[in-house]
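Asker: What follows is the file final-v5.txt, containing compact mmCIF, C-alpha atoms and all ligand atoms:
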```
# COMPACT_ATOMS: atom_id res chain seq x y z
CA MET G 1 -6.66 24.64 8.59
CA LEU G 2 -9.52 25.41 6.23
CA SER G 3 -10.36 29.15 6.03
CA GLU G 4 -13.63 30.44 7.48
CA LYS G 5 -14.55 31.58 3.96
CA SER G 6 -14.18 28.13 2.41
CA ARG G 7 -15.63 26.04 5.25
CA PRO G 8 -19.36 26.66 4.50
CA VAL G 9 -18.77 26.28 0.75
CA ILE G 10 -17.08 22.90 1.26
CA ALA G 11 -19.85 21.82 3.68
CA GLN G 12 -22.45 22.68 1.02
CA THR G 13 -20.72 21.02 -1.91
CA ILE G 14 -18.94 17.99 -0.44
CA GLY G 15 -21.99 15.79 -1.01
CA VAL G 16 -22.23 16.55 -4.71
CA VAL G 17 -18.46 16.42 -5.30
CA ALA G 18 -18.17 13.03 -3.54
CA GLU G 19 -21.15 11.73 -5.51
CA ARG G 20 -19.72 12.89 -8.85
CA ILE G 21 -16.22 11.42 -8.31
CA PRO G 22 -16.91 8.31 -10.42
CA GLU G 23 -17.85 10.62 -13.35
CA ILE G 24 -15.08 13.17 -12.73
CA THR G 25 -12.11 10.80 -12.42
CA PRO G 26 -12.14 9.19 -15.90
CA VAL G 27 -12.28 12.66 -17.51
CA PHE G 28 -9.48 13.90 -15.26
CA TYR G 29 -7.19 10.94 -16.04
CA ARG G 30 -7.94 10.97 -19.78
CA SER G 31 -7.05 14.64 -20.03
CA MET G 32 -3.91 14.24 -17.86
CA PHE G 33 -2.52 11.30 -19.84
CA GLU G 34 -3.32 12.98 -23.16
CA ALA G 35 -1.25 15.96 -22.08
CA ARG G 36 1.40 13.90 -20.27
CA PRO G 37 1.71 10.38 -21.72
CA ASP G 38 5.13 10.15 -20.10
CA LEU G 39 3.41 9.74 -16.70
CA LEU G 40 2.34 6.26 -17.82
CA ASP G 41 5.98 5.35 -18.38
CA GLY G 42 7.37 4.29 -15.01
CA MET G 43 5.02 6.25 -12.69
CA PHE G 44 1.34 5.29 -13.00
CA SER G 45 0.18 1.68 -13.16
CA ARG G 46 -1.78 1.14 -16.37
CA ALA G 47 -3.65 -1.79 -14.78
CA ASN G 48 -4.88 0.35 -11.88
CA GLN G 49 -6.10 2.94 -14.41
CA LYS G 50 -8.01 0.29 -16.33
CA ASN G 51 -9.70 -1.17 -13.28
CA GLY G 52 -10.36 2.35 -11.99
CA THR G 53 -9.04 1.78 -8.45
CA GLN G 54 -6.24 4.36 -8.52
CA PRO G 55 -8.29 7.28 -9.92
CA GLN G 56 -11.00 6.56 -7.34
CA ALA G 57 -8.43 6.39 -4.56
CA LEU G 58 -6.81 9.70 -5.52
CA ALA G 59 -9.99 11.75 -6.00
CA GLY G 60 -11.80 9.96 -3.16
CA SER G 61 -9.00 10.78 -0.76
CA ILE G 62 -9.42 14.51 -1.49
CA ALA G 63 -13.13 14.31 -0.61
CA MET G 64 -12.23 12.33 2.52
CA PHE G 65 -9.61 14.94 3.43
CA ALA G 66 -12.22 17.73 3.00
CA SER G 67 -14.64 15.85 5.23
CA HIS G 68 -11.94 15.42 7.87
CA LEU G 69 -11.23 19.18 7.81
CA LEU G 70 -14.93 19.88 8.38
CA HIS G 71 -15.30 17.47 11.30
CA HIS G 72 -11.85 17.81 12.90
CA PRO G 73 -10.70 21.33 12.01
CA ASP G 74 -7.53 21.12 14.11
CA SER G 75 -5.99 17.99 12.66
CA TYR G 76 -5.18 16.07 9.48
CA PRO G 77 -5.98 12.40 8.75
CA ASP G 78 -2.37 11.47 9.40
CA GLU G 79 -2.63 7.76 8.75
CA VAL G 80 -4.13 8.27 5.29
CA LEU G 81 -1.62 10.99 4.36
CA SER G 82 1.24 8.79 5.49
CA ARG G 83 0.09 5.83 3.38
CA VAL G 84 -0.21 8.01 0.27
CA ALA G 85 3.12 9.78 0.87
CA HIS G 86 4.94 6.44 1.22
CA LYS G 87 3.35 5.16 -2.00
CA HIS G 88 4.21 8.41 -3.84
CA ALA G 89 7.79 8.36 -2.56
CA SER G 90 8.24 4.74 -3.68
CA LEU G 91 7.38 5.95 -7.17
CA GLY G 92 9.78 8.87 -6.97
CA LEU G 93 6.98 11.45 -7.31
CA PRO G 94 8.51 14.96 -7.53
CA ALA G 95 6.72 17.91 -5.84
CA GLU G 96 6.71 19.71 -9.22
CA GLU G 97 3.99 17.35 -10.49
CA TYR G 98 1.30 18.55 -8.04
CA PRO G 99 0.24 21.41 -10.38
CA THR G 100 -0.24 18.78 -13.15
CA VAL G 101 -2.82 16.81 -11.17
CA HIS G 102 -4.39 20.08 -9.99
CA GLU G 103 -4.83 21.41 -13.51
CA HIS G 104 -6.51 18.32 -14.94
CA LEU G 105 -8.55 17.45 -11.86
CA PHE G 106 -10.00 20.95 -11.61
CA LYS G 107 -10.74 21.11 -15.32
CA ALA G 108 -12.71 17.88 -14.94
CA ILE G 109 -14.53 19.10 -11.82
CA ALA G 110 -15.48 22.40 -13.53
CA ALA G 111 -16.73 20.57 -16.64
CA ASP G 112 -18.79 18.12 -14.57
CA LEU G 113 -20.35 20.62 -12.18
CA GLY G 114 -21.14 23.14 -14.97
CA ASP G 115 -22.85 26.25 -13.59
CA ALA G 116 -22.52 24.94 -10.05
CA ALA G 117 -18.74 25.42 -10.30
CA THR G 118 -18.89 29.10 -9.32
CA PRO G 119 -15.60 30.95 -8.66
CA GLU G 120 -16.39 30.64 -4.94
CA VAL G 121 -16.76 26.84 -5.15
CA VAL G 122 -13.62 26.42 -7.24
CA GLN G 123 -11.63 28.58 -4.85
CA ALA G 124 -12.76 26.60 -1.80
CA TRP G 125 -11.83 23.24 -3.39
CA ASP G 126 -8.56 24.74 -4.56
CA GLU G 127 -7.79 25.48 -0.95
CA VAL G 128 -8.54 21.86 0.05
CA TYR G 129 -6.36 20.53 -2.78
CA TRP G 130 -3.35 22.65 -1.86
CA LEU G 131 -3.68 21.96 1.88
CA MET G 132 -3.53 18.26 1.08
CA ALA G 133 -0.81 18.63 -1.55
CA ASP G 134 1.34 20.71 0.82
CA ALA G 135 0.92 18.12 3.59
CA LEU G 136 1.90 15.32 1.18
CA VAL G 137 4.88 17.22 -0.26
CA LYS G 138 6.16 17.86 3.26
CA LEU G 139 5.90 14.17 4.18
CA GLU G 140 7.44 13.06 0.88
CA LYS G 141 10.38 15.45 1.29
CA GLY G 142 10.91 14.06 4.80
CA LEU G 143 10.90 10.51 3.44
CA TYR G 144 13.36 11.33 0.64
CA ALA G 145 15.66 13.01 3.17
CA GLN G 146 15.84 9.79 5.24
CA GLN G 147 17.32 7.76 2.37
CA ALA G 148 20.94 6.69 2.10
CA ASN G 149 21.08 8.10 -1.45
CA ASP G 150 19.42 10.83 -3.50
CA VAL G 151 18.10 8.72 -6.37
CA MET G 152 14.52 7.47 -6.79
CA PHE G 153 15.47 4.17 -8.44
CA ALA G 154 18.76 2.30 -8.63
CA PRO G 155 19.81 -0.67 -10.78
CA TYR G 156 19.74 -4.11 -9.11
CA ARG G 157 20.89 -7.40 -10.62
CA VAL G 158 18.86 -10.60 -10.20
CA VAL G 159 21.11 -13.06 -8.36
CA GLY G 160 18.51 -15.67 -7.41
CA LYS G 161 15.15 -16.93 -8.64
CA GLN G 162 13.45 -19.84 -6.85
CA THR G 163 10.00 -21.35 -6.55
CA VAL G 164 8.54 -20.87 -3.04
CA ALA G 165 5.01 -22.23 -3.73
CA ASP G 166 2.83 -23.17 -6.70
CA GLY G 167 3.03 -20.19 -9.10
CA VAL G 168 5.10 -18.14 -6.63
CA LEU G 169 8.76 -17.17 -7.12
CA ALA G 170 11.31 -15.48 -4.88
CA PHE G 171 13.72 -13.04 -6.53
CA GLU G 172 16.97 -11.99 -4.86
CA PHE G 173 18.76 -8.85 -6.05
CA GLU G 174 22.13 -7.23 -5.43
CA PRO G 175 23.06 -3.62 -6.25
CA ALA G 176 24.34 -3.27 -9.82
CA ASP G 177 26.12 0.03 -9.12
CA GLY G 178 27.61 1.84 -6.14
CA THR G 179 24.35 3.47 -4.92
CA PRO G 180 24.23 3.09 -1.12
CA MET G 181 21.25 1.03 0.09
CA THR G 182 18.77 2.37 2.65
CA PRO G 183 18.18 -0.34 5.27
CA ALA G 184 14.57 -1.57 5.19
CA VAL G 185 12.26 -1.92 8.19
CA ALA G 186 10.22 -5.16 8.32
CA GLY G 187 6.89 -4.63 6.55
CA GLN G 188 8.23 -2.13 4.01
CA TYR G 189 8.04 -2.51 0.24
CA VAL G 190 9.94 -1.34 -2.83
CA SER G 191 8.67 -0.27 -6.25
CA LEU G 192 10.10 -2.22 -9.18
CA GLN G 193 9.99 -0.91 -12.74
CA VAL G 194 9.45 -3.60 -15.33
CA THR G 195 9.53 -3.08 -19.10
CA VAL G 196 6.34 -4.68 -20.45
CA ALA G 197 5.41 -6.02 -23.91
CA ASP G 198 4.97 -2.63 -25.65
CA GLY G 199 8.16 -1.16 -24.20
CA LEU G 200 6.51 0.93 -21.46
CA ARG G 201 7.96 0.78 -17.95
CA GLN G 202 5.38 -0.28 -15.39
CA PRO G 203 5.89 0.05 -11.63
CA ARG G 204 4.66 -2.39 -8.97
CA GLN G 205 5.24 -2.60 -5.25
CA PHE G 206 6.52 -5.73 -3.51
CA THR G 207 7.09 -6.32 0.19
CA LEU G 208 10.70 -6.97 1.12
CA VAL G 209 11.32 -10.31 2.81
CA PRO G 210 14.49 -11.33 4.68
CA SER G 211 17.50 -11.55 2.38
CA ASP G 212 21.24 -11.97 2.54
CA PRO G 213 22.96 -8.81 3.85
CA GLY G 214 23.32 -6.17 1.15
CA HIS G 215 20.59 -7.80 -0.97
CA ARG G 216 16.88 -7.22 -1.56
CA ARG G 217 14.43 -10.14 -1.80
CA ILE G 218 10.81 -10.16 -2.96
CA ILE G 219 8.15 -12.84 -3.45
CA VAL G 220 5.99 -12.67 -6.57
CA ARG G 221 2.78 -14.57 -7.30
CA GLU G 222 2.08 -14.71 -11.02
CA ASP G 223 -1.18 -13.19 -12.15
CA PRO G 224 -1.54 -14.74 -15.63
CA GLN G 225 -3.89 -11.85 -16.63
CA GLY G 226 -1.46 -9.26 -15.25
CA GLU G 227 0.98 -7.10 -17.14
CA VAL G 228 4.01 -7.20 -14.81
CA THR G 229 4.15 -10.50 -12.90
CA PRO G 230 4.28 -12.68 -16.07
CA VAL G 231 7.28 -10.61 -17.25
CA LEU G 232 8.99 -11.24 -13.92
CA HIS G 233 8.14 -14.95 -13.89
CA ARG G 234 8.77 -15.81 -17.53
CA GLY G 235 10.91 -13.02 -18.94
CA THR G 236 13.36 -12.28 -16.13
CA VAL G 237 16.44 -14.40 -15.47
CA VAL G 238 19.44 -14.37 -13.17
CA GLY G 239 21.82 -11.67 -14.41
CA ASP G 240 19.08 -9.26 -15.56
CA VAL G 241 19.10 -5.74 -14.14
CA LEU G 242 15.90 -4.01 -12.89
CA GLU G 243 15.30 -0.56 -11.44
CA ILE G 244 14.29 -0.73 -7.76
CA SER G 245 13.27 2.11 -5.41
CA ASN G 246 14.34 2.73 -1.84
CA PRO G 247 12.16 0.97 0.78
CA TYR G 248 8.94 2.68 1.89
CA GLY G 249 5.73 1.80 3.72
CA ASP G 250 4.46 2.58 7.19
CA VAL G 251 2.82 -0.72 8.17
CA THR G 252 5.69 -1.66 10.47
CA LEU G 253 6.03 -2.85 14.06
CA ASP G 254 6.28 -0.16 16.73
CA PRO G 255 9.82 -0.60 18.14
CA ASP G 256 8.64 0.55 21.60
CA SER G 257 5.79 -1.91 21.86
CA HIS G 258 6.32 -5.41 23.25
CA GLY G 259 2.71 -6.51 23.85
CA PRO G 260 1.00 -9.45 22.17
CA LEU G 261 0.86 -9.52 18.38
CA VAL G 262 -1.59 -11.19 16.03
CA LEU G 263 -0.38 -11.58 12.42
CA VAL G 264 -3.18 -12.45 10.01
CA SER G 265 -2.60 -13.29 6.34
CA ALA G 266 -4.04 -15.01 3.32
CA GLY G 267 -2.17 -16.16 0.21
CA ILE G 268 0.65 -13.88 -0.89
CA GLY G 269 -0.27 -11.59 2.04
CA ILE G 270 2.13 -13.81 4.01
CA THR G 271 5.10 -11.68 2.84
CA PRO G 272 4.95 -8.94 5.51
CA VAL G 273 4.34 -11.68 8.11
CA VAL G 274 7.62 -13.36 7.07
CA ALA G 275 9.40 -10.01 7.44
CA PHE G 276 7.84 -9.35 10.88
CA LEU G 277 8.65 -12.85 12.18
CA ASP G 278 12.26 -12.51 11.05
CA GLN G 279 12.55 -9.16 12.85
CA LEU G 280 11.02 -10.65 16.01
CA VAL G 281 13.47 -13.58 15.99
CA ARG G 282 16.34 -11.09 15.87
CA GLU G 283 15.02 -8.34 18.13
CA ASP G 284 12.14 -9.46 20.36
CA PRO G 285 12.13 -13.27 20.57
CA GLN G 286 10.07 -13.44 23.79
CA ARG G 287 7.13 -11.63 22.19
CA GLU G 288 3.73 -13.36 22.38
CA VAL G 289 2.70 -13.89 18.75
CA LEU G 290 -0.31 -15.58 17.18
CA VAL G 291 0.18 -16.23 13.46
CA LEU G 292 -3.02 -16.98 11.52
CA HIS G 293 -2.80 -17.91 7.85
CA ALA G 294 -5.38 -18.91 5.25
CA ASP G 295 -4.57 -20.50 1.89
CA ARG G 296 -5.89 -22.87 -0.74
CA SER G 297 -3.54 -25.72 0.15
CA ARG G 298 -0.09 -26.47 1.56
CA ALA G 299 1.40 -26.35 -1.94
CA ALA G 300 -0.10 -22.90 -2.58
CA TRP G 301 1.11 -21.43 0.73
CA PRO G 302 4.17 -19.23 -0.03
CA CYS G 303 7.20 -19.60 2.27
CA ARG G 304 5.40 -22.20 4.43
CA GLU G 305 8.59 -23.87 5.65
CA GLN G 306 10.22 -20.53 6.40
CA VAL G 307 7.19 -19.41 8.43
CA ARG G 308 7.19 -22.68 10.44
CA ASP G 309 10.91 -22.33 11.04
CA LEU G 310 10.66 -18.70 12.22
CA VAL G 311 7.71 -19.51 14.50
CA SER G 312 9.68 -22.41 16.02
CA GLN G 313 12.41 -19.93 16.98
CA LEU G 314 9.93 -17.80 18.95
CA PRO G 315 9.08 -19.64 22.21
CA ASN G 316 5.83 -17.68 22.70
CA ALA G 317 4.57 -17.87 19.11
CA ARG G 318 1.88 -20.14 17.71
CA LEU G 319 0.87 -20.79 14.09
CA VAL G 320 -2.70 -21.72 13.14
CA SER G 321 -3.73 -22.37 9.53
CA TRP G 322 -6.98 -22.57 7.57
CA LEU G 323 -6.48 -24.42 4.30
CA GLY G 324 -9.02 -25.17 1.58
CA ALA G 325 -7.62 -28.64 0.96
CA PRO G 326 -9.20 -31.13 3.42
CA GLY G 327 -6.95 -32.39 6.20
CA GLU G 328 -3.98 -30.17 5.27
CA GLY G 329 -4.33 -27.35 7.80
CA ASP G 330 -5.33 -26.96 11.44
CA HIS G 331 -8.75 -25.96 10.14
CA GLU G 332 -10.51 -26.40 6.83
CA GLY G 333 -12.11 -23.64 4.78
CA ARG G 334 -12.32 -19.91 5.49
CA MET G 335 -10.54 -18.31 8.39
CA ASP G 336 -12.79 -17.85 11.40
CA VAL G 337 -11.15 -16.05 14.29
CA SER G 338 -14.34 -15.72 16.32
CA ARG G 339 -13.51 -18.86 18.31
CA MET G 340 -9.82 -18.05 18.71
CA GLU G 341 -8.57 -16.61 21.94
CA ILE G 342 -7.18 -13.23 20.95
CA PRO G 343 -4.69 -12.06 23.62
CA THR G 344 -5.90 -9.01 25.52
CA GLY G 345 -4.30 -5.80 24.34
CA ALA G 346 -3.01 -7.40 21.12
CA GLU G 347 -1.97 -5.34 18.11
CA VAL G 348 -3.20 -6.98 14.92
CA PHE G 349 -1.55 -6.79 11.48
CA MET G 350 -3.44 -8.11 8.47
CA CYS G 351 -2.49 -8.63 4.85
CA GLY G 352 -4.49 -10.36 2.13
CA PRO G 353 -7.39 -9.76 -0.24
CA LEU G 354 -9.71 -6.93 0.79
CA GLU G 355 -12.81 -9.10 1.39
CA PHE G 356 -10.74 -11.45 3.53
CA MET G 357 -9.45 -8.59 5.68
CA GLN G 358 -12.90 -7.01 5.98
CA ALA G 359 -14.37 -10.32 7.18
CA VAL G 360 -11.58 -10.93 9.69
CA ARG G 361 -11.70 -7.38 10.93
CA SER G 362 -15.44 -7.67 11.61
CA GLN G 363 -14.82 -10.88 13.57
CA LEU G 364 -12.05 -9.20 15.57
CA ILE G 365 -14.17 -6.14 16.34
CA ALA G 366 -17.02 -8.45 17.44
CA ALA G 367 -14.48 -10.21 19.72
CA GLY G 368 -13.73 -6.86 21.38
CA VAL G 369 -10.49 -5.86 19.61
CA PRO G 370 -10.52 -2.05 19.20
CA GLY G 371 -10.44 -0.85 15.58
CA ARG G 372 -7.35 1.28 16.19
CA ALA G 373 -5.36 -1.85 17.17
CA ILE G 374 -5.99 -3.41 13.74
CA HIS G 375 -3.50 -2.44 11.04
CA TYR G 376 -3.53 -3.65 7.48
CA GLU G 377 -1.55 -3.60 4.26
CA ILE G 378 -3.38 -3.65 0.95
CA PHE G 379 -1.57 -4.67 -2.22
CA GLY G 380 -2.86 -1.97 -4.60
CA PRO G 381 -4.66 1.33 -4.11
CA ASP G 382 -6.38 1.46 -0.74
CA LEU G 383 -10.07 2.20 -1.28
CA TRP G 384 -10.95 0.86 2.15
CA MET G 385 -9.38 3.82 3.95
CA LEU G 386 -11.85 6.16 2.32
CA HIS G 387 -14.71 4.56 4.23
CA ASP G 388 -12.87 3.57 7.36
CA GLU G 389 -13.80 5.78 10.31
CA ALA G 390 -11.09 4.24 12.50
CA ARG G 391 -8.35 5.42 10.15
CA THR G 392 -9.67 8.75 8.96
CA ALA G 393 -11.09 10.09 12.24
C1 LIG K 401 -1.39 6.91 -5.56
C2 LIG K 401 -3.74 10.70 -3.66
C3 LIG K 401 -1.05 13.73 -6.29
C4 LIG K 401 0.72 9.94 -8.68
C5 LIG K 401 -2.27 7.68 -4.83
C6 LIG K 401 -3.25 7.16 -3.92
C7 LIG K 401 -3.90 8.21 -3.39
C8 LIG K 401 -3.35 9.41 -3.96
C9 LIG K 401 -5.03 8.16 -2.37
C10 LIG K 401 -3.48 5.67 -3.62
C11 LIG K 401 -2.55 5.26 -2.51
C12 LIG K 401 -2.66 3.80 -2.19
O1 LIG K 401 -3.50 3.44 -1.38
O2 LIG K 401 -1.90 3.02 -2.75
C13 LIG K 401 -3.19 11.84 -4.19
C14 LIG K 401 -3.59 13.18 -3.83
C15 LIG K 401 -2.84 14.04 -4.57
C16 LIG K 401 -1.96 13.24 -5.40
C17 LIG K 401 -4.65 13.51 -2.83
C18 LIG K 401 -2.85 15.55 -4.60
C19 LIG K 401 -3.22 16.32 -3.58
C20 LIG K 401 -0.36 12.97 -7.18
C21 LIG K 401 0.49 13.49 -8.23
C22 LIG K 401 0.96 12.41 -8.93
C23 LIG K 401 0.43 11.23 -8.29
C24 LIG K 401 0.78 14.96 -8.46
C25 LIG K 401 1.85 12.40 -10.15
C26 LIG K 401 1.65 13.17 -11.18
C27 LIG K 401 0.30 8.81 -8.02
C28 LIG K 401 0.67 7.47 -8.44
C29 LIG K 401 0.08 6.59 -7.52
C30 LIG K 401 -0.65 7.42 -6.59
C31 LIG K 401 1.54 7.12 -9.63
C32 LIG K 401 0.16 5.06 -7.51
C33 LIG K 401 -0.69 4.62 -8.62
C34 LIG K 401 -0.94 3.18 -8.74
O3 LIG K 401 -0.31 2.36 -8.09
O4 LIG K 401 -1.82 2.90 -9.54
N1 LIG K 401 -2.34 9.06 -4.84
N2 LIG K 401 -2.20 11.90 -5.13
N3 LIG K 401 -0.35 11.59 -7.25
N4 LIG K 401 -0.48 8.75 -6.91
FE1 LIG K 401 -1.26 10.30 -5.97
```
Since I need it in another form, could you write the structure as structure tokens?
Answerer:
Amino acid sequence: MLSEKSRPVIAQTIGVVAERIPEITPVFYRSMFEARPDLLDGMFSRANQKNGTQPQALAGSIAMFASHLLHHPDSYPDEVLSRVAHKHASLGLPAEEYPTVHEHLFKAIAADLGDAATPEVVQAWDEVYWLMADALVKLEKGLYAQQANDVMFAPYRVVGKQTVADGVLAFEFEPADGTPMTPAVAGQYVSLQVTVADGLRQPRQFTLVPSDPGHRRIIVREDPQGEVTPVLHRGTVVGDVLEISNPYGDVTLDPDSHGPLVLVSAGIGITPVVAFLDQLVREDPQREVLVLHADRSRAAWPCREQVRDLVSQLPNARLVSWLGAPGEGDHEGRMDVSRMEIPTGAEVFMCGPLEFMQAVRSQLIAAGVPGRAIHYEIFGPDLWMLHDEARTA
């Protein structure tokens, strides 16, 4: 809980700090990577630094946390903390690095605010930072303790590489040493470290899809402008060994819930849907499930046959598609759920590009689905959560 001393100081300064985040974050990251270039080798994604999403997400989440403490003094924004802790754990973030971020972030805040950064203001924001850091460290330690091993990454050998749609490959891996594997829950992801052109290791997260027992399987769409996916597509062959983390991620099905489900995806966002459907076939085949997918065409739709096959094994499941190519899907063009019958009391899981999910979520809310019943997975830093009352309240 925020101290009585800091509360009014945070209330007075949160507006200016939040407003200055776009100016503060580049300075903070520049100074941190100058002092610690090793953090760009295997931990931070260079691409997310360049496009600015990760710095905004990190600093923005501290302002959001402060705002939560002001409005709900007796609680933490658990959903946001959980998402961040899972992402951190997938990267093997050690608790000892929290002072590193603190040092460079606060140097940047002090430089930006100038005279306004009085000792009182700095102390109050320090308190917010360490409350959040302590909450994250606690969650991350809990996540590490649940693993079947005590390593952050283990070597895995590529044992399969197949095309599953235009420009989309599936990779199957088996352990390359004796490290015990933590079983994954459907919807979880792993971080992969890939050595890119200049020799740096770059991490990326990929959702796990059903695999042979004792294997891991991921689906990768090539981004020709990207740094990592072209290396996987063009430079990685069967027999190669990559470093892969334990499975993390909290966008998973509640094992105690058996009500109707709506699974919404676009493009490569189909991957968690494949994992969920596979789990339902094994564990809850009578579940009422509506699967809604949008894509450019049948050829572009990853794992289309697998999805059809899994849906056909669920007697109460239905698949509806929106495809750009005329005559190829149940509907043409953009997904429009406003005329769909959404089962009462349904839990919704979405995965796809941000604008797609925002549009579908608005349609669902307009159709009467409560915001708290809509869950989503974003591939990349989640900037949506920072402005999403339903998740931060
Ligand atoms: C990701 C917050 C400390 C390294 C993130 C994200 C947030 C965040 C909001 C984005 C999560 C997502 O949606 O994917 C924080 C906060 C911290 C903190 C509030 C302190 C209180 C640290 C520290 C390190 C670190 C100490 C390491 C030195 C990372 C990395 C990512 C990340 C590598 C993923 C980056 C990417 O994919 O581009 N953090 N973080 N964070 N954080 Fe932290």
Asker: Can you check which parts of chain G lie within 6 Å of ligand LIG 401 (chain K)? Per residue, the shortest pair of atoms and distance in Å to one decimal, counting all atoms listed in the file, sorted by chain and number, as CSV.
Answerer:
```
residue,atom,partner,partner_atom,distance
G:Met43,CA,K:LIG401,C31,4.7
G:Phe44,CA,K:LIG401,C31,3.8
G:Ser45,CA,K:LIG401,O4,4.3
G:Asn48,CA,K:LIG401,O4,4.6
G:Gln54,CA,K:LIG401,O4,4.8
G:Ala57,CA,K:LIG401,C9,4.4
G:Leu58,CA,K:LIG401,C2,3.7
G:Ser61,CA,K:LIG401,C9,5.0
G:Ile62,CA,K:LIG401,C17,5.1
G:Val84,CA,K:LIG401,C11,4.6
G:Lys87,CA,K:LIG401,O2,5.7
G:His88,CA,K:LIG401,N4,5.6
G:Leu93,CA,K:LIG401,C25,5.9
G:Glu97,CA,K:LIG401,C24,4.5
G:Tyr98,CA,K:LIG401,C24,3.7
G:Val101,CA,K:LIG401,C24,4.9
G:Tyr129,CA,K:LIG401,C19,5.3
G:Met132,CA,K:LIG401,C19,5.1
G:Ala133,CA,K:LIG401,C19,3.9
G:Gly380,CA,K:LIG401,O2,5.4
G:Pro381,CA,K:LIG401,O2,3.5
G:Asp382,CA,K:LIG401,O1,3.6
```
Asker: Next, dump the selected residues to file, keeping only C-alpha atoms, as a PDB file, in the frame of the given file.
Answerer:
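Done, and the output landed in again.pdb:
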```
ATOM      1  CA  MET G  43       5.020   6.250 -12.690  1.00  0.00           C
ATOM      2  CA  PHE G  44       1.340   5.290 -13.000  1.00  0.00           C
ATOM      3  CA  SER G  45       0.180   1.680 -13.160  1.00  0.00           C
ATOM      4  CA  ASN G  48      -4.880   0.350 -11.880  1.00  0.00           C
ATOM      5  CA  GLN G  54      -6.240   4.360  -8.520  1.00  0.00           C
ATOM      6  CA  ALA G  57      -8.430   6.390  -4.560  1.00  0.00           C
ATOM      7  CA  LEU G  58      -6.810   9.700  -5.520  1.00  0.00           C
ATOM      8  CA  SER G  61      -9.000  10.780  -0.760  1.00  0.00           C
ATOM      9  CA  ILE G  62      -9.420  14.510  -1.490  1.00  0.00           C
ATOM     10  CA  VAL G  84      -0.210   8.010   0.270  1.00  0.00           C
ATOM     11  CA  LYS G  87       3.350   5.160  -2.000  1.00  0.00           C
ATOM     12  CA  HIS G  88       4.210   8.410  -3.840  1.00  0.00           C
ATOM     13  CA  LEU G  93       6.980  11.450  -7.310  1.00  0.00           C
ATOM     14  CA  GLU G  97       3.990  17.350 -10.490  1.00  0.00           C
ATOM     15  CA  TYR G  98       1.300  18.550  -8.040  1.00  0.00           C
ATOM     16  CA  VAL G 101      -2.820  16.810 -11.170  1.00  0.00           C
ATOM     17  CA  TYR G 129      -6.360  20.530  -2.780  1.00  0.00           C
ATOM     18  CA  MET G 132      -3.530  18.260   1.080  1.00  0.00           C
ATOM     19  CA  ALA G 133      -0.810  18.630  -1.550  1.00  0.00           C
ATOM     20  CA  GLY G 380      -2.860  -1.970  -4.600  1.00  0.00           C
ATOM     21  CA  PRO G 381      -4.660   1.330  -4.110  1.00  0.00           C
ATOM     22  CA  ASP G 382      -6.380   1.460  -0.740  1.00  0.00           C
TER      23      ASP G 382
END
```
Asker: Contacts of Leu263 (chain G) at 9 Å or less, counting all atoms listed in the file, minus same-chain residues fewer than 5 places along, as a ChimeraX atom specification?
Answerer: /G:273,276,289-293,347-351
Asker: Per residue of region 5-124 of chain G within 8 Å of region 242-248 of chain G, note the shortest atom pair and the distance in Å to one decimal, counting only C-alpha atoms, and order the rows by chain and increasing residue number, as JSON lines.
Answerer:
```
{"residue": "G:His86", "atom": "CA", "partner": "G:Tyr248", "partner_atom": "CA", "distance": 5.5}
{"residue": "G:Lys87", "atom": "CA", "partner": "G:Tyr248", "partner_atom": "CA", "distance": 7.2}
{"residue": "G:Ala89", "atom": "CA", "partner": "G:Tyr248", "partner_atom": "CA", "distance": 7.3}
{"residue": "G:Ser90", "atom": "CA", "partner": "G:Ser245", "partner_atom": "CA", "distance": 5.9}
{"residue": "G:Leu91", "atom": "CA", "partner": "G:Ser245", "partner_atom": "CA", "distance": 7.2}
{"residue": "G:Gly92", "atom": "CA", "partner": "G:Ser245", "partner_atom": "CA", "distance": 7.8}
```
Asker: Distance table requested - region 167-267 of chain G against region 312-327 of chain G, cut-off 10 Å, all atoms listed in the file: one row per qualifying residue with the closest atom pair and its distance in Å to one decimal, ordered by chain and rising residue number, as JSON lines.
Answerer:
```
{"residue": "G:Pro260", "atom": "CA", "partner": "G:Asn316", "partner_atom": "CA", "distance": 9.6}
{"residue": "G:Leu261", "atom": "CA", "partner": "G:Ala317", "partner_atom": "CA", "distance": 9.2}
{"residue": "G:Val262", "atom": "CA", "partner": "G:Ala317", "partner_atom": "CA", "distance": 9.6}
{"residue": "G:Leu263", "atom": "CA", "partner": "G:Leu319", "partner_atom": "CA", "distance": 9.4}
{"residue": "G:Val264", "atom": "CA", "partner": "G:Val320", "partner_atom": "CA", "distance": 9.8}
{"residue": "G:Ser265", "atom": "CA", "partner": "G:Ser321", "partner_atom": "CA", "distance": 9.7}
{"residue": "G:Ala266", "atom": "CA", "partner": "G:Trp322", "partner_atom": "CA", "distance": 9.2}
```
Asker: Of the residues G:Leu253, G:Ala18, G:Gly269, G:Val274, which is the one nearest to Glu305 (chain G), using only C-alpha atoms?
Answerer: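 Going through G:Leu253, G:Ala18, G:Gly269, G:Val274 one by one, the smallest distance to Glu305 (chain G) is for G:Val274.
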Asker: Which residue, G:Leu232, G:Val307, G:Ala299, G:Ile109, has the smallest gap to Pro26 (chain G) when you use only C-alpha atoms?
Answerer: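 Of the candidates, the smallest distance to Pro26 (chain G) is held by G:Ile109.
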Asker: Name the closest residue to His72 (chain G) among the candidates G:Thr179, G:Val194, G:Arg7, G:Pro119; distances are taken between atoms, counting only C-alpha atoms.
Answerer: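 Residue with the minimum atom-to-atom distance to His72 (chain G): G:Arg7.
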